[in-house]
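Chemist: Here you go, my_file.txt (compact mmCIF, C-alpha atoms):
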```txt
# COMPACT_ATOMS: atom_id res chain seq x y z
CA PRO E 1 69.43 60.94 62.75
CA GLY E 2 70.64 60.13 59.34
CA VAL E 3 69.36 59.68 55.83
CA ILE E 4 69.90 56.37 54.11
CA LEU E 5 69.79 56.47 50.36
CA ASN E 6 69.63 53.19 48.57
CA PHE E 7 69.72 53.25 44.81
CA SER E 8 71.47 51.29 42.22
CA THR E 9 73.01 53.93 40.01
CA GLY E 10 76.19 55.65 40.94
CA VAL E 11 75.03 59.01 39.72
CA VAL E 12 73.14 61.39 41.88
CA GLY E 13 70.38 62.73 39.79
CA PRO E 14 68.23 65.79 40.01
CA ASP E 15 65.64 63.86 41.96
CA ILE E 16 67.70 63.80 45.24
CA SER E 17 69.86 66.89 44.86
CA GLY E 18 67.34 68.97 46.84
CA PRO E 19 67.33 66.74 49.96
CA VAL E 20 71.13 66.42 49.88
CA ALA E 21 71.51 70.20 49.69
CA CYS E 22 69.37 70.54 52.80
CA LEU E 23 71.70 68.24 54.73
CA GLU E 24 74.72 70.45 54.16
CA ARG E 25 75.38 73.00 56.85
CA PRO E 26 76.14 76.47 55.68
CA LYS E 27 79.57 77.62 56.80
CA PRO E 28 79.53 80.87 58.76
CA GLU E 29 81.25 83.78 57.16
CA VAL E 30 84.42 84.81 58.90
CA ALA E 31 84.25 88.51 59.49
CA SER E 32 87.41 90.44 58.99
CA PRO E 33 88.52 92.36 62.10
CA GLY E 34 87.40 95.95 62.28
CA ALA E 35 89.57 98.99 62.83
CA ILE E 36 89.22 98.89 66.63
CA ALA E 37 90.15 95.20 66.75
CA ARG E 38 93.21 95.80 64.58
CA MET E 39 94.24 98.72 66.80
CA GLY E 40 93.78 96.53 69.90
CA THR E 41 95.96 93.85 68.35
CA ARG E 42 98.70 96.41 67.67
CA VAL E 43 98.50 97.82 71.21
CA ARG E 44 98.65 94.32 72.71
CA ALA E 45 101.61 93.40 70.53
CA SER E 46 103.52 96.56 71.47
CA PHE E 47 102.77 96.00 75.17
CA GLU E 48 103.94 92.39 74.93
CA GLY E 49 107.10 93.57 73.20
CA ALA E 50 107.81 96.12 75.93
CA VAL E 51 107.29 93.57 78.72
CA THR E 52 109.43 91.00 76.93
CA SER E 53 112.17 93.59 76.47
CA LEU E 54 112.06 94.62 80.14
CA CYS E 55 112.18 91.01 81.32
CA ALA E 56 115.02 90.11 78.97
CA SER E 57 117.72 91.01 81.49
CA TRP E 58 117.92 91.30 85.26
CA TRP E 59 119.26 94.86 85.22
CA ARG E 60 116.26 96.09 83.21
CA SER E 61 113.93 94.40 85.69
CA LEU E 62 115.82 95.99 88.57
CA ALA E 63 115.60 99.39 86.86
CA VAL E 64 111.81 99.01 86.59
CA VAL E 65 111.56 98.26 90.31
CA VAL E 66 113.83 101.18 91.27
CA VAL E 67 111.96 103.64 89.05
CA THR E 68 108.58 102.46 90.34
CA VAL E 69 109.62 102.82 93.98
CA ALA E 70 111.22 106.22 93.32
CA VAL E 71 108.08 107.53 91.62
CA ALA E 72 105.87 106.24 94.47
CA VAL E 73 108.09 107.87 97.11
CA GLY E 74 108.28 111.10 95.11
CA VAL E 75 104.53 111.35 94.67
CA GLY E 76 103.97 110.56 98.36
CA TRP E 77 106.49 113.20 99.39
CA LYS E 78 104.90 115.77 97.10
CA LEU E 79 101.43 115.07 98.50
CA LEU E 80 102.46 115.55 102.15
CA PRO E 81 100.95 118.71 103.64
CA LYS E 82 103.32 121.50 104.62
CA MET E 83 104.07 121.95 108.32
CA GLU E 84 102.39 125.36 108.17
CA TYR E 85 99.14 123.47 107.59
CA LEU E 86 98.90 122.61 111.29
CA PRO E 87 96.83 125.05 113.36
CA THR E 88 98.61 127.66 115.44
CA GLY E 89 95.70 128.56 117.71
CA ASN E 90 95.42 128.16 121.46
CA ARG E 91 98.31 125.90 122.47
CA ASN E 92 97.74 126.02 126.18
CA LEU E 93 94.76 123.69 126.02
CA ILE E 94 94.96 120.45 127.96
CA PHE E 95 92.69 117.89 126.35
CA GLY E 96 91.94 114.41 127.58
CA ILE E 97 89.90 111.44 126.47
CA ILE E 98 88.55 109.16 129.15
CA VAL E 99 87.11 105.73 128.36
CA PRO E 100 84.73 104.77 131.16
CA ALA E 101 84.24 101.18 132.24
CA PRO E 102 81.47 99.32 130.42
CA GLY E 103 78.11 99.70 132.08
CA TYR E 104 78.39 103.35 133.14
CA ASN E 105 74.97 104.88 132.76
CA PRO E 106 74.24 108.54 131.91
CA THR E 107 73.48 109.40 135.55
CA GLU E 108 76.91 108.15 136.61
CA MET E 109 78.54 110.11 133.79
CA GLU E 110 76.76 113.31 134.92
CA ARG E 111 77.88 112.72 138.51
CA MET E 112 81.47 112.21 137.36
CA GLY E 113 81.33 115.37 135.22
CA ALA E 114 79.93 117.43 138.09
CA GLN E 115 82.69 116.19 140.39
CA VAL E 116 85.42 117.05 137.87
CA GLN E 117 83.95 120.49 137.15
CA ASP E 118 83.58 121.16 140.89
CA GLN E 119 87.33 120.62 141.39
CA MET E 120 88.17 122.67 138.28
CA SER E 121 85.94 125.57 139.28
CA LYS E 122 87.99 126.14 142.45
CA HIS E 123 90.91 127.11 140.19
CA THR E 124 88.98 129.18 137.66
CA GLY E 125 90.51 132.65 137.57
CA GLN E 126 92.84 132.16 140.56
CA ASP E 127 96.03 130.39 141.60
CA VAL E 128 95.30 127.98 144.45
CA GLY E 129 97.93 125.86 146.18
CA GLY E 130 100.56 126.31 143.48
CA VAL E 131 98.14 125.27 140.72
CA PRO E 132 97.94 127.90 137.97
CA ALA E 133 94.66 129.65 137.26
CA ILE E 134 92.27 128.08 134.77
CA SER E 135 90.50 130.39 132.34
CA ARG E 136 87.89 127.81 131.28
CA SER E 137 87.24 124.07 131.34
CA PHE E 138 84.80 121.60 129.81
CA PHE E 139 83.54 118.07 130.27
CA VAL E 140 81.55 116.27 127.55
CA GLY E 141 80.38 112.75 128.22
CA GLU E 142 78.59 109.97 126.43
CA PRO E 143 78.29 106.33 127.47
CA SER E 144 81.35 105.17 125.53
CA GLN E 145 83.72 108.16 125.84
CA VAL E 146 84.36 111.35 127.78
CA PHE E 147 86.20 114.44 126.54
CA ALA E 148 87.56 116.83 129.13
CA GLY E 149 89.82 119.83 128.89
CA SER E 150 91.00 123.05 130.47
CA VAL E 151 92.85 126.18 129.41
CA ALA E 152 95.50 127.84 131.57
CA GLU E 153 95.29 131.61 131.96
CA ASP E 154 99.08 131.81 131.73
CA PRO E 155 100.27 129.93 128.61
CA ASN E 156 103.73 129.55 130.19
CA ARG E 157 102.35 127.46 133.07
CA VAL E 158 100.51 124.75 131.13
CA LYS E 159 102.87 122.02 132.38
CA ASP E 160 102.09 122.98 135.98
CA LEU E 161 98.37 122.68 135.23
CA LEU E 162 98.85 119.28 133.56
CA ASN E 163 99.83 117.53 136.80
CA PHE E 164 96.76 118.96 138.55
CA VAL E 165 94.40 117.86 135.77
CA ARG E 166 95.83 114.33 135.81
CA GLY E 167 95.00 114.05 139.50
CA VAL E 168 91.39 115.26 139.20
CA HIS E 169 88.82 112.52 139.72
```
Re-express the file's structure as structure tokens.
Modeler:
Amino acid sequence: PGVILNFSTGVVGPDISGPVACLERPKPEVASPGAIARMGTRVRASFEGAVTSLCASWWRSLAVVVVTVAVAVGVGWKLLPKMEYLPTGNRNLIFGIIVPAPGYNPTEMERMGAQVQDQMSKHTGQDVGGVPAISRSFFVGEPSQVFAGSVAEDPNRVKDLLNFVRGVH
């Protein structure tokens, strides 16, 4: 939309100065940046200067990479737990995880556990057929996984017990 003014004089008089003033758009005031904006501009400029300086030569770029990798390796090394962190408890425990075939139901798992414990119980507290005595054993089953284990009475004969446990089924 526009306004068409048609008059013969070349002078704009007081009679149309009001409508012409309404057609002018006021210009928004440009706010001067605040303290935080000025600080942000300085931080950005200093960061840009640092990056430009580091990228100015290949040896500075290489130094940045080397220092970054060294710091990452150093922090990782420092965060590793000490070897003394590992437990020092009963080390003559034989522990196994068995993954049954899909479709085993709880009744089948109980039957398998009873069979394993029946063979283990023959060796509880006594050496039988060259197999070292077992002080205790366990069998924990669920449809997706089975945990089984035994503890040798003589900690020096754990390896002898291992072959027996592998053959239990």
Chemist: Please provide the set of residues having any atom within 8 Å of E:Leu161, restricted to all atoms listed in the file, with same-chain residues fewer than 6 positions apart removed, written as a PyMOL selection string.
Modeler: chain E and resi 131-132+152
Chemist: Between E:Lys78, E:Arg136, E:Arg38, E:Arg60, which is the closest to E:Ala148 once you count all atoms listed in the file?
Modeler: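 Checking each candidate against E:Ala148, we get E:Arg136 as the closest.
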Chemist: Could you tell me how far atom CA of E:Ile134 sits from atom CA of E:Gly149, in Å to one decimal place?
Modeler: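 For atom CA of E:Gly149 relative to atom CA of E:Ile134, the distance reads 10.4 Å.
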Chemist: Rounded to one decimal in Å, what is the spacing between atom CA of E:Met120 and atom CA of E:Val168?
Modeler: 8.1 Å
Chemist: Report the distance between atom CA of E:Asp160 and atom CA of E:His123 in Å, rounded to one decimal place.
Modeler: 12.6 Å
Chemist: Could you check which of E:Gly125, E:Val158, E:Gly167, E:Thr107 is closest to E:Gly141, using all atoms listed in the file?
Modeler: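 For E:Gly141, the nearest of the candidates is E:Thr107.
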Chemist: When you count all atoms listed in the file, which of these residues is closest to E:Val165: E:Val116, E:Phe147, E:Gln126, E:Ser135?
Modeler: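 Using all atoms listed in the file, the shortest distance to E:Val165 belongs to E:Val116.
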Chemist: Would you list the contacts of stretch 91-105 of chain E as a count of residues only, taking every protein, DNA or RNA residue within 10 Å and counting only C-alpha atoms, but skipping same-chain residues closer than 2 positions in sequence?
Modeler: 35
